[in-house]
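Below: query23.csv (CSV, C-alpha atoms)
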chain,number,residue,atom,x,y,z
A,1,MET,CA,159.5,30.3,105.3
A,2,ASN,CA,162.8,32.0,106.2
A,3,LYS,CA,163.1,35.7,107.2
A,4,LYS,CA,164.6,36.8,103.8
A,5,LYS,CA,161.7,35.4,101.8
A,6,LYS,CA,159.2,36.9,104.3
A,7,LEU,CA,161.0,40.2,104.0
A,8,LYS,CA,160.8,40.1,100.2
A,9,ILE,CA,157.1,39.6,100.4
A,10,ILE,CA,156.4,42.2,103.1
A,11,ILE,CA,158.3,45.1,101.5
A,12,PRO,CA,156.2,45.1,98.2
A,13,LEU,CA,153.1,44.8,100.3
A,14,LEU,CA,154.1,47.8,102.4
A,15,ILE,CA,154.9,49.8,99.3
A,16,LEU,CA,151.5,49.0,97.9
A,17,LEU,CA,149.8,49.9,101.2
A,18,VAL,CA,151.7,53.2,101.4
A,19,ALA,CA,150.9,54.0,97.8
A,20,ALA,CA,147.2,53.2,98.3
A,21,PHE,CA,147.1,55.3,101.5
A,22,ALA,CA,148.8,58.2,99.7
A,23,PHE,CA,146.4,58.0,96.8
A,24,GLU,CA,143.4,58.0,99.1
A,25,HIS,CA,144.8,60.9,101.0
A,26,TYR,CA,145.4,62.7,97.7
A,27,LYS,CA,141.8,62.1,96.7
A,28,ALA,CA,140.5,63.2,100.1
A,29,ASN,CA,142.4,66.4,99.8
A,30,LYS,CA,141.2,67.0,96.3
A,31,ALA,CA,137.7,66.4,97.5
A,32,VAL,CA,138.1,68.9,100.3
A,33,ASP,CA,139.6,71.4,97.9
A,34,SER,CA,136.6,70.9,95.5
A,35,VAL,CA,134.1,71.3,98.3
A,36,ASP,CA,135.8,74.5,99.4
A,37,GLU,CA,135.8,75.9,95.9
A,38,THR,CA,132.2,74.9,95.4
A,39,GLU,CA,131.3,76.6,98.6
A,40,ALA,CA,133.1,79.8,97.6
A,41,GLU,CA,131.1,79.8,94.3
A,42,GLU,CA,127.7,78.7,95.6
A,43,ALA,CA,127.5,80.3,99.0
A,44,VAL,CA,127.2,83.9,97.9
A,45,ASN,CA,123.9,84.7,99.6
A,46,PRO,CA,124.0,87.9,101.6
A,47,ILE,CA,121.8,88.0,104.7
A,48,GLY,CA,120.9,91.0,106.8
A,49,PRO,CA,120.8,94.7,106.2
A,50,THR,CA,123.2,96.4,103.8
A,51,PHE,CA,126.3,97.8,105.4
A,52,ASN,CA,126.6,101.5,104.4
A,53,ALA,CA,130.2,102.2,103.6
A,54,ASP,CA,129.6,105.9,103.2
A,55,SER,CA,128.3,106.0,106.7
A,56,ALA,CA,131.3,104.1,108.1
A,57,TYR,CA,133.6,106.5,106.1
A,58,ALA,CA,131.9,109.5,107.7
A,59,PHE,CA,132.3,108.0,111.2
A,60,THR,CA,136.0,107.5,110.4
A,61,ALA,CA,136.4,111.1,109.3
A,62,ALA,CA,134.4,112.4,112.4
A,63,GLN,CA,137.0,110.8,114.7
A,64,CYS,CA,139.9,112.2,112.7
A,65,ASN,CA,138.3,115.7,112.9
A,66,PHE,CA,139.3,115.7,116.6
A,67,GLY,CA,142.9,115.4,115.5
A,68,PRO,CA,145.3,112.9,117.0
A,69,ARG,CA,143.6,111.0,119.9
A,70,ALA,CA,146.7,110.0,121.8
A,71,MET,CA,146.4,109.3,125.5
A,72,ASN,CA,146.1,112.3,127.8
A,73,THR,CA,145.2,114.8,125.1
A,74,GLU,CA,142.2,117.0,124.5
A,75,GLY,CA,141.4,115.3,121.2
A,76,HIS,CA,141.3,112.0,123.0
A,77,GLU,CA,138.8,113.2,125.6
A,78,LYS,CA,136.6,114.9,123.1
A,79,CYS,CA,136.5,111.8,120.8
A,80,ALA,CA,135.5,109.7,123.8
A,81,GLU,CA,132.5,111.9,124.4
A,82,TRP,CA,131.5,111.7,120.8
A,83,ILE,CA,131.8,107.8,120.6
A,84,ILE,CA,129.7,107.5,123.8
A,85,ALA,CA,127.1,109.9,122.3
A,86,LYS,CA,126.9,108.0,119.0
A,87,PHE,CA,126.4,104.5,120.6
A,88,THR,CA,123.8,106.0,122.9
A,89,GLN,CA,122.0,107.5,119.9
A,90,TYR,CA,121.8,104.1,118.4
A,91,GLY,CA,120.1,102.5,121.4
A,92,CYS,CA,123.0,101.0,123.2
A,93,LYS,CA,123.5,101.1,127.0
A,94,VAL,CA,126.9,102.7,127.4
A,95,THR,CA,129.2,102.4,130.4
A,96,THR,CA,132.9,103.3,130.8
A,97,GLN,CA,135.7,101.5,132.5
A,98,LYS,CA,138.3,104.1,133.7
A,99,ALA,CA,141.8,103.3,134.9
A,100,ASP,CA,145.1,104.8,135.4
A,101,LEU,CA,147.5,102.7,133.5
A,102,LYS,CA,151.3,102.9,133.3
A,103,GLY,CA,152.9,103.4,129.9
A,104,TYR,CA,156.2,101.9,128.8
A,105,ASP,CA,158.1,104.9,130.1
A,106,GLY,CA,156.2,105.2,133.4
A,107,THR,CA,153.7,107.8,132.1
A,108,ILE,CA,150.3,107.5,133.8
A,109,LEU,CA,147.7,107.1,131.1
A,110,LYS,CA,144.2,108.2,131.8
A,111,SER,CA,142.4,105.3,130.1
A,112,THR,CA,138.8,104.9,129.2
A,113,ASN,CA,137.4,101.6,127.8
A,114,ILE,CA,133.9,102.3,126.3
A,115,ILE,CA,131.4,99.5,126.6
A,116,ALA,CA,128.2,99.8,124.5
A,117,GLN,CA,125.6,97.1,124.8
A,118,TYR,CA,122.9,96.4,122.3
A,119,LYS,CA,120.0,94.6,124.1
A,120,PRO,CA,121.9,94.4,127.4
A,121,GLU,CA,119.2,92.3,129.0
A,122,ARG,CA,119.9,89.3,126.7
A,123,THR,CA,122.2,86.6,128.2
A,124,THR,CA,123.6,85.2,125.0
A,125,ARG,CA,126.1,87.8,123.7
A,126,ILE,CA,128.7,88.4,120.9
A,127,LEU,CA,131.6,90.8,121.5
A,128,LEU,CA,132.9,93.1,118.8
A,129,CYS,CA,135.8,95.3,119.7
A,130,ALA,CA,138.5,97.7,118.4
A,131,HIS,CA,140.9,100.2,120.0
A,132,TRP,CA,140.1,103.9,119.7
A,133,ASP,CA,143.2,105.7,120.8
A,134,SER,CA,145.8,106.8,118.3
A,135,ARG,CA,149.6,106.2,118.1
A,136,PRO,CA,151.5,109.2,119.7
A,137,TRP,CA,154.5,108.7,117.4
A,138,ALA,CA,154.9,108.0,113.7
A,139,ASP,CA,157.9,105.8,114.6
A,140,ASN,CA,157.6,103.7,111.4
A,141,ASP,CA,157.5,106.6,109.1
A,142,PRO,CA,160.1,106.4,106.3
A,143,ASP,CA,161.2,109.9,107.2
A,144,SER,CA,163.0,109.8,110.5
A,145,THR,CA,162.1,113.5,111.2
A,146,ASN,CA,158.5,112.3,111.7
A,147,TRP,CA,159.3,109.7,114.2
A,148,HIS,CA,158.2,111.8,117.2
A,149,ARG,CA,155.1,113.3,115.5
A,150,PRO,CA,151.6,112.0,116.5
A,151,ILE,CA,149.5,110.3,113.7
A,152,LEU,CA,145.9,111.0,112.7
A,153,ALA,CA,145.2,107.3,112.8
A,154,ALA,CA,142.3,107.1,110.3
A,155,ASN,CA,142.9,103.4,109.7
A,156,ASP,CA,144.8,102.3,112.8
A,157,ALA,CA,141.9,102.9,115.2
A,158,ALA,CA,139.2,105.1,113.7
A,159,SER,CA,138.2,102.6,111.0
A,160,GLY,CA,137.4,99.8,113.5
A,161,VAL,CA,135.3,102.0,115.7
A,162,ALA,CA,133.5,103.3,112.6
A,163,VAL,CA,132.5,99.8,111.4
A,164,MET,CA,131.1,99.1,114.9
A,165,LEU,CA,129.1,102.3,114.9
A,166,GLU,CA,127.6,101.5,111.6
A,167,ILE,CA,126.6,98.0,112.8
A,168,ALA,CA,125.1,99.5,115.9
A,169,ARG,CA,123.1,101.9,113.7
A,170,LEU,CA,121.9,99.1,111.5
A,171,LEU,CA,120.9,96.9,114.4
A,172,ASN,CA,118.9,99.7,116.0
A,173,SER,CA,117.1,100.7,112.8
A,174,SER,CA,116.5,97.1,111.7
A,175,ALA,CA,115.2,95.8,115.1
A,176,GLY,CA,112.2,93.5,114.7
A,177,THR,CA,112.3,93.4,110.9
A,178,THR,CA,113.6,89.8,110.6
A,179,GLN,CA,113.5,86.6,112.6
A,180,SER,CA,117.2,86.5,113.0
A,181,ALA,CA,118.7,85.6,116.3
A,182,VAL,CA,120.7,88.8,116.5
A,183,GLU,CA,117.5,90.8,116.4
A,184,ASN,CA,115.5,88.6,118.7
A,185,THR,CA,117.6,86.6,121.2
A,186,ILE,CA,121.2,87.6,120.9
A,187,GLY,CA,122.9,90.8,122.3
A,188,VAL,CA,125.9,92.5,120.9
A,189,ASP,CA,128.6,94.3,122.9
A,190,PHE,CA,130.8,96.9,121.2
A,191,VAL,CA,133.9,97.5,123.3
A,192,CYS,CA,136.3,100.3,122.4
A,193,PHE,CA,139.6,99.6,124.0
A,194,ASP,CA,141.9,102.5,125.1
A,195,ALA,CA,145.7,102.7,125.5
A,196,GLU,CA,146.4,100.1,122.8
A,197,ASP,CA,148.9,102.1,120.9
A,198,TRP,CA,151.2,103.4,123.6
A,199,GLY,CA,153.5,100.4,123.0
A,200,THR,CA,157.3,101.0,123.2
A,201,PRO,CA,158.4,103.1,120.1
A,202,GLN,CA,161.1,101.8,117.9
A,203,TRP,CA,163.4,104.7,118.7
A,204,SER,CA,163.1,104.2,122.5
A,205,ASP,CA,166.0,102.8,124.6
A,206,VAL,CA,163.8,102.4,127.7
A,207,GLU,CA,163.7,98.8,129.1
A,208,SER,CA,160.1,98.1,129.8
A,209,GLU,CA,158.6,95.5,132.1
A,210,GLY,CA,155.7,93.4,130.8
A,211,GLU,CA,153.7,93.9,127.6
A,212,THR,CA,153.4,97.6,126.7
A,213,TRP,CA,150.8,97.2,124.0
A,214,ALA,CA,147.0,96.7,124.4
A,215,LEU,CA,146.9,98.1,128.0
A,216,GLY,CA,143.2,98.9,127.9
A,217,ALA,CA,142.4,95.3,126.7
A,218,GLN,CA,144.6,93.9,129.3
A,219,TYR,CA,142.7,95.8,132.0
A,220,PHE,CA,139.3,94.8,130.5
A,221,ALA,CA,140.3,91.1,130.4
A,222,THR,CA,141.3,91.1,134.0
A,223,ASN,CA,138.4,93.3,135.2
A,224,LEU,CA,135.4,92.0,133.3
A,225,PRO,CA,132.1,93.4,134.3
A,226,ALA,CA,130.4,91.1,136.9
A,227,GLY,CA,129.0,87.9,135.3
A,228,TYR,CA,130.0,89.0,131.8
A,229,GLU,CA,130.1,86.2,129.2
A,230,ALA,CA,130.1,86.1,125.4
A,231,ARG,CA,130.0,83.3,122.8
A,232,TYR,CA,133.0,84.7,121.1
A,233,GLY,CA,134.7,88.0,120.2
A,234,ILE,CA,135.9,89.6,117.0
A,235,LEU,CA,138.6,92.3,117.1
A,236,LEU,CA,138.8,94.9,114.3
A,237,ASP,CA,142.1,96.5,113.7
A,238,MET,CA,143.0,98.6,110.6
A,239,VAL,CA,139.9,97.6,108.6
A,240,GLY,CA,139.8,100.5,106.2
A,241,GLY,CA,143.1,100.5,104.3
A,242,VAL,CA,143.5,100.6,100.6
A,243,GLY,CA,144.4,97.2,99.1
A,244,ALA,CA,143.8,95.4,102.4
A,245,GLN,CA,143.4,91.6,102.6
A,246,PHE,CA,142.8,89.8,105.9
A,247,TYR,CA,144.7,86.6,106.5
A,248,ARG,CA,143.9,84.1,109.3
A,249,GLU,CA,146.0,85.3,112.2
A,250,GLY,CA,147.9,82.8,114.2
A,251,ILE,CA,146.7,83.4,117.8
A,252,SER,CA,143.1,83.6,116.4
A,253,ARG,CA,143.5,80.1,114.9
A,254,GLN,CA,145.0,78.7,118.1
A,255,TYR,CA,142.4,79.9,120.5
A,256,ALA,CA,139.3,80.5,118.3
A,257,GLY,CA,139.8,78.3,115.2
A,258,GLN,CA,136.1,77.7,114.7
A,259,ILE,CA,135.3,81.4,114.9
A,260,VAL,CA,138.0,82.0,112.2
A,261,LYS,CA,136.2,79.5,110.0
A,262,LYS,CA,132.8,81.0,110.7
A,263,VAL,CA,133.9,84.6,109.8
A,264,TRP,CA,135.9,83.6,106.7
A,265,ARG,CA,132.9,81.5,105.5
A,266,ALA,CA,130.6,84.5,106.2
A,267,ALA,CA,132.9,86.7,104.0
A,268,ARG,CA,132.5,84.3,101.1
A,269,GLN,CA,128.7,84.1,101.6
A,270,ALA,CA,128.5,87.9,101.7
A,271,GLY,CA,130.5,88.0,98.4
A,272,TYR,CA,133.8,89.3,99.9
A,273,GLY,CA,135.9,86.2,99.9
A,274,SER,CA,138.7,88.0,98.0
A,275,TYR,CA,139.2,90.2,101.0
A,276,PHE,CA,139.4,87.2,103.3
A,277,PRO,CA,141.6,84.7,101.4
A,278,LYS,CA,142.3,81.2,102.8
A,279,ARG,CA,145.8,82.2,103.8
A,280,ASN,CA,147.5,82.1,107.2
A,281,ASN,CA,149.4,84.8,109.0
A,282,GLY,CA,151.7,84.6,112.0
A,283,ASN,CA,151.0,85.5,115.6
A,284,ILE,CA,150.3,89.2,116.2
A,285,THR,CA,150.3,91.0,119.5
A,286,ASP,CA,146.9,92.8,119.6
A,287,ASP,CA,143.9,93.4,121.9
A,288,HIS,CA,142.6,89.8,121.3
A,289,VAL,CA,145.6,88.3,123.1
A,290,PRO,CA,144.6,89.2,126.7
A,291,LEU,CA,141.0,88.2,125.9
A,292,ASN,CA,142.2,84.8,124.9
A,293,LEU,CA,144.6,84.4,127.7
A,294,ASN,CA,142.6,85.8,130.6
A,295,THR,CA,138.9,85.1,129.7
A,296,HIS,CA,136.8,82.3,128.4
A,297,ILE,CA,135.9,84.3,125.3
A,298,PRO,CA,137.5,82.9,122.1
A,299,THR,CA,138.4,86.0,120.2
A,300,ILE,CA,139.8,86.4,116.7
A,301,ASP,CA,141.6,89.4,115.1
A,302,ILE,CA,140.6,90.8,111.7
A,303,ILE,CA,143.8,92.6,110.8
A,304,PRO,CA,145.3,93.2,107.3
A,305,CYS,CA,148.4,91.5,105.9
A,306,TYR,CA,150.4,93.1,103.1
A,307,PRO,CA,153.1,90.4,102.4
A,308,ASP,CA,154.8,92.4,99.7
A,309,CYS,CA,154.9,95.8,101.4
A,310,GLU,CA,158.4,96.9,102.2
A,311,GLN,CA,157.3,99.5,104.7
A,312,SER,CA,155.4,97.1,106.9
A,313,SER,CA,153.3,93.9,106.6
A,314,PHE,CA,150.5,95.9,108.2
A,315,GLY,CA,150.5,98.2,105.1
A,316,PRO,CA,152.4,101.3,103.9
A,317,THR,CA,150.6,103.8,106.3
A,318,TRP,CA,151.1,101.8,109.5
A,319,HIS,CA,152.4,104.1,112.2
A,320,THR,CA,153.2,106.8,109.7
A,321,ILE,CA,151.9,110.3,109.2
A,322,LYS,CA,150.1,109.1,106.0
A,323,ASP,CA,147.5,107.2,108.1
A,324,ASP,CA,144.9,109.7,107.1
A,325,MET,CA,141.6,109.9,105.3
A,326,GLU,CA,143.2,109.9,101.9
A,327,HIS,CA,144.2,106.3,102.5
A,328,ILE,CA,140.9,105.0,103.6
A,329,ASP,CA,139.0,102.8,101.1
A,330,LYS,CA,135.2,102.6,101.3
A,331,ASN,CA,135.4,99.2,99.6
A,332,THR,CA,137.5,97.7,102.4
A,333,LEU,CA,135.1,99.2,105.0
A,334,LYS,CA,132.2,97.6,103.1
A,335,ALA,CA,133.9,94.2,102.8
A,336,VAL,CA,134.6,94.0,106.6
A,337,GLY,CA,131.3,95.5,107.6
A,338,GLN,CA,129.1,93.3,105.4
A,339,THR,CA,131.1,90.2,106.5
A,340,LEU,CA,130.3,91.0,110.2
A,341,ILE,CA,126.6,91.6,109.3
A,342,GLN,CA,126.6,88.2,107.6
A,343,THR,CA,128.2,86.6,110.7
A,344,LEU,CA,125.7,88.2,113.1
A,345,TYR,CA,122.6,87.5,111.0
A,346,THR,CA,123.5,83.8,110.4
A,347,GLU,CA,124.1,83.2,114.1
A,348,GLU,CA,121.6,80.8,115.7
Please express what this file holds, its structure, as structure tokens.
Amino acid sequence: MNKKKKLKIIIPLLILLVAAFAFEHYKANKAVDSVDETEAEEAVNPIGPTFNADSAYAFTAAQCNFGPRAMNTEGHEKCAEWIIAKFTQYGCKVTTQKADLKGYDGTILKSTNIIAQYKPERTTRILLCAHWDSRPWADNDPDSTNWHRPILAANDAASGVAVMLEIARLLNSSAGTTQSAVENTIGVDFVCFDAEDWGTPQWSDVESEGETWALGAQYFATNLPAGYEARYGILLDMVGGVGAQFYREGISRQYAGQIVKKVWRAARQAGYGSYFPKRNNGNITDDHVPLNLNTHIPTIDIIPCYPDCEQSSFGPTWHTIKDDMEHIDKNTLKAVGQTLIQTLYTEE
């Protein structure tokens, strides 16, 4: 058989093979889509105690009552004392990690990471974290006359700490009532990072060295308590905003893809899949970055995405003077809090 005849026979065969492969691939994708849709419909089965959004809202307001909690301010120090007292009240062992950190402009920041441990004697641990300091400048405010004003930071800090406090309260009050691992064999660490929001403001012309954001998390990641390990970490950032949805953040997918799947599945199981859609976001510089880069703790970031918001993809109040209690939504706090409860109580 000459080459031309052979070629005439091979080409149709290749076309058939490619078509068959494409059809099988199409069927496989459709099957996966069907399974995902079925899971989303059938897996609504909340487990664990009911997250109290009113309580989380009150914890958010209590932090805001100290005023702005920017570094080196009286409100910052008083809020630290309150956070420590609340975690202690809920049965956690609380330690602090103090450090003098250098801000983007050379300012020495008196930083305090707060580490609250539920059942510190347990060796299998899960890390929940959020930053607790507030942005010193409303440098993303639509009104430029506000760019040097501090913000109240109801969402961008207080909401994450509030969700963790409510979870600590629930763990403490529910201890021994179920056979779940989180009540019997797993410990939970609540870490409140400081000096997250002293990053270079948009109006600054200072040339900074290194990453100026997430300074407290950077310090924690390179100065872990002796022997500290955790299965995984979940960072909460801006988890109380009106209209928030939480997309799957890029660095989270890169370093902790299985944890992303676990948490988004837990959201569907808890009945809050609409808040955690199967949509991807880009890479975001946040407190989870140094944890992923400098520790063996795969850590994800639960952070909102507002793709149609002109002011910011982080939402209309991000780094503006409108980040106040009027723009905190109990429904969003509930969705995030119940998703975390579901995650913890389905852990084995």
note - CA of Asn52 in chain A and CA of Glu166 in chain A are separated by 7.3 Å
Notebook entry, point to check: range 125-134 of chain A: which residues within 9 Å, counting all atoms listed in the file, same-chain residues fewer than 6 positions away excluded, as a ChimeraX atom specification?
Noted result: /A:68-71,76,79-80,113,150-154,156-161,164,185-198,214,216-217,229-237,287-288,297,299,344
Since we have the selection now, will you write its residues out, keeping C-alpha atoms, as an mmCIF file, in the frame of the given file?
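Once written, part-v1.cif looks like this:
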data_model
loop_
_atom_site.group_PDB
_atom_site.id
_atom_site.type_symbol
_atom_site.label_atom_id
_atom_site.label_comp_id
_atom_site.auth_asym_id
_atom_site.auth_seq_id
_atom_site.Cartn_x
_atom_site.Cartn_y
_atom_site.Cartn_z
ATOM 1 C CA PRO A 68 145.300 112.900 117.000
ATOM 2 C CA ARG A 69 143.600 111.000 119.900
ATOM 3 C CA ALA A 70 146.700 110.000 121.800
ATOM 4 C CA MET A 71 146.400 109.300 125.500
ATOM 5 C CA HIS A 76 141.300 112.000 123.000
ATOM 6 C CA CYS A 79 136.500 111.800 120.800
ATOM 7 C CA ALA A 80 135.500 109.700 123.800
ATOM 8 C CA ASN A 113 137.400 101.600 127.800
ATOM 9 C CA PRO A 150 151.600 112.000 116.500
ATOM 10 C CA ILE A 151 149.500 110.300 113.700
ATOM 11 C CA LEU A 152 145.900 111.000 112.700
ATOM 12 C CA ALA A 153 145.200 107.300 112.800
ATOM 13 C CA ALA A 154 142.300 107.100 110.300
ATOM 14 C CA ASP A 156 144.800 102.300 112.800
ATOM 15 C CA ALA A 157 141.900 102.900 115.200
ATOM 16 C CA ALA A 158 139.200 105.100 113.700
ATOM 17 C CA SER A 159 138.200 102.600 111.000
ATOM 18 C CA GLY A 160 137.400 99.800 113.500
ATOM 19 C CA VAL A 161 135.300 102.000 115.700
ATOM 20 C CA MET A 164 131.100 99.100 114.900
ATOM 21 C CA THR A 185 117.600 86.600 121.200
ATOM 22 C CA ILE A 186 121.200 87.600 120.900
ATOM 23 C CA GLY A 187 122.900 90.800 122.300
ATOM 24 C CA VAL A 188 125.900 92.500 120.900
ATOM 25 C CA ASP A 189 128.600 94.300 122.900
ATOM 26 C CA PHE A 190 130.800 96.900 121.200
ATOM 27 C CA VAL A 191 133.900 97.500 123.300
ATOM 28 C CA CYS A 192 136.300 100.300 122.400
ATOM 29 C CA PHE A 193 139.600 99.600 124.000
ATOM 30 C CA ASP A 194 141.900 102.500 125.100
ATOM 31 C CA ALA A 195 145.700 102.700 125.500
ATOM 32 C CA GLU A 196 146.400 100.100 122.800
ATOM 33 C CA ASP A 197 148.900 102.100 120.900
ATOM 34 C CA TRP A 198 151.200 103.400 123.600
ATOM 35 C CA ALA A 214 147.000 96.700 124.400
ATOM 36 C CA GLY A 216 143.200 98.900 127.900
ATOM 37 C CA ALA A 217 142.400 95.300 126.700
ATOM 38 C CA GLU A 229 130.100 86.200 129.200
ATOM 39 C CA ALA A 230 130.100 86.100 125.400
ATOM 40 C CA ARG A 231 130.000 83.300 122.800
ATOM 41 C CA TYR A 232 133.000 84.700 121.100
ATOM 42 C CA GLY A 233 134.700 88.000 120.200
ATOM 43 C CA ILE A 234 135.900 89.600 117.000
ATOM 44 C CA LEU A 235 138.600 92.300 117.100
ATOM 45 C CA LEU A 236 138.800 94.900 114.300
ATOM 46 C CA ASP A 237 142.100 96.500 113.700
ATOM 47 C CA ASP A 287 143.900 93.400 121.900
ATOM 48 C CA HIS A 288 142.600 89.800 121.300
ATOM 49 C CA ILE A 297 135.900 84.300 125.300
ATOM 50 C CA THR A 299 138.400 86.000 120.200
ATOM 51 C CA LEU A 344 125.700 88.200 113.100
#
Computed gap from CA of Val239 in chain A to CA of Leu333 in chain A is 6.2 Å
I'd like the neighbourhood of Gly210 in chain A as a compact mmCIF listing (two decimals) with C-alpha atoms, in the frame of the given file, where a residue qualifies if any of its atoms comes within 12 Å (using only C-alpha atoms), though same-chain residues fewer than 6 positions away should be ignored.
# COMPACT_ATOMS: atom_id res chain seq x y z
CA LYS A 102 151.30 102.90 133.30
CA GLY A 103 152.90 103.40 129.90
CA TYR A 104 156.20 101.90 128.80
CA ASP A 105 158.10 104.90 130.10
CA GLY A 199 153.50 100.40 123.00
CA THR A 200 157.30 101.00 123.20
CA GLN A 218 144.60 93.90 129.30
Q) What's the 10 Å shell around Lys278 in chain A, counting all atoms listed in the file, without same-chain residues fewer than 3 positions away, as number ranges by chain? A) A: 36, 246-248, 261, 264-265, 273-275
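With all atoms listed in the file as the basis for measurement, A:Leu165 is the residue among A:Ala226, A:Cys305, A:Leu170, A:Leu165 that approaches Tyr57 in chain A most closely.
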With distances taken over all atoms listed in the file, the candidate from A:Arg268, A:Lys93, A:Lys86, A:Arg135 nearest Asp323 in chain A is A:Arg135
Spatial neighbours of Asn292 in chain A, max dist 9 Å, only C-alpha atoms, sep filter under 5 positions, as an mmCIF file with C-alpha atoms, keeping the file's coordinate frame:
data_model
loop_
_atom_site.group_PDB
_atom_site.id
_atom_site.type_symbol
_atom_site.label_atom_id
_atom_site.label_comp_id
_atom_site.auth_asym_id
_atom_site.auth_seq_id
_atom_site.Cartn_x
_atom_site.Cartn_y
_atom_site.Cartn_z
ATOM 1 C CA ALA A 221 140.300 91.100 130.400
ATOM 2 C CA ILE A 251 146.700 83.400 117.800
ATOM 3 C CA SER A 252 143.100 83.600 116.400
ATOM 4 C CA TYR A 255 142.400 79.900 120.500
ATOM 5 C CA ALA A 256 139.300 80.500 118.300
ATOM 6 C CA ILE A 297 135.900 84.300 125.300
ATOM 7 C CA PRO A 298 137.500 82.900 122.100
ATOM 8 C CA THR A 299 138.400 86.000 120.200
ATOM 9 C CA ILE A 300 139.800 86.400 116.700
#
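With CA of Ser55 in chain A on one side and CA of Gln89 in chain A on the other, the separation reads 14.7 Å.
Proximity to Thr96 in chain A at 7 Å, evaluated using all atoms listed in the file and with sequence-adjacent residues fewer than 4 positions away removed, yields Thr112, Asn113, Ile114 and Ile115 of chain A.
With distances restricted to only C-alpha atoms, A:Ala62 is the closest residue to Ala162 in chain A from A:Ile341, A:Ala62, A:Ala270, A:Leu293.
Minimum atom-to-atom distances from A:Asn281, A:Asn65, A:Thr317, A:Ser174 to Ile302 in chain A were compared using all atoms listed in the file, and the lowest value belongs to A:Asn281.
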Judged by only C-alpha atoms, the minimum distance to Ile167 in chain A among A:Pro307, A:Gly91, A:Gly106, A:Pro290 is found for A:Gly91
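For the residues A:Glu81, A:Glu183, A:Asp139, A:Glu209, ranking by smallest atom-to-atom distance to Ala168 in chain A using all atoms listed in the file places A:Glu183 first.
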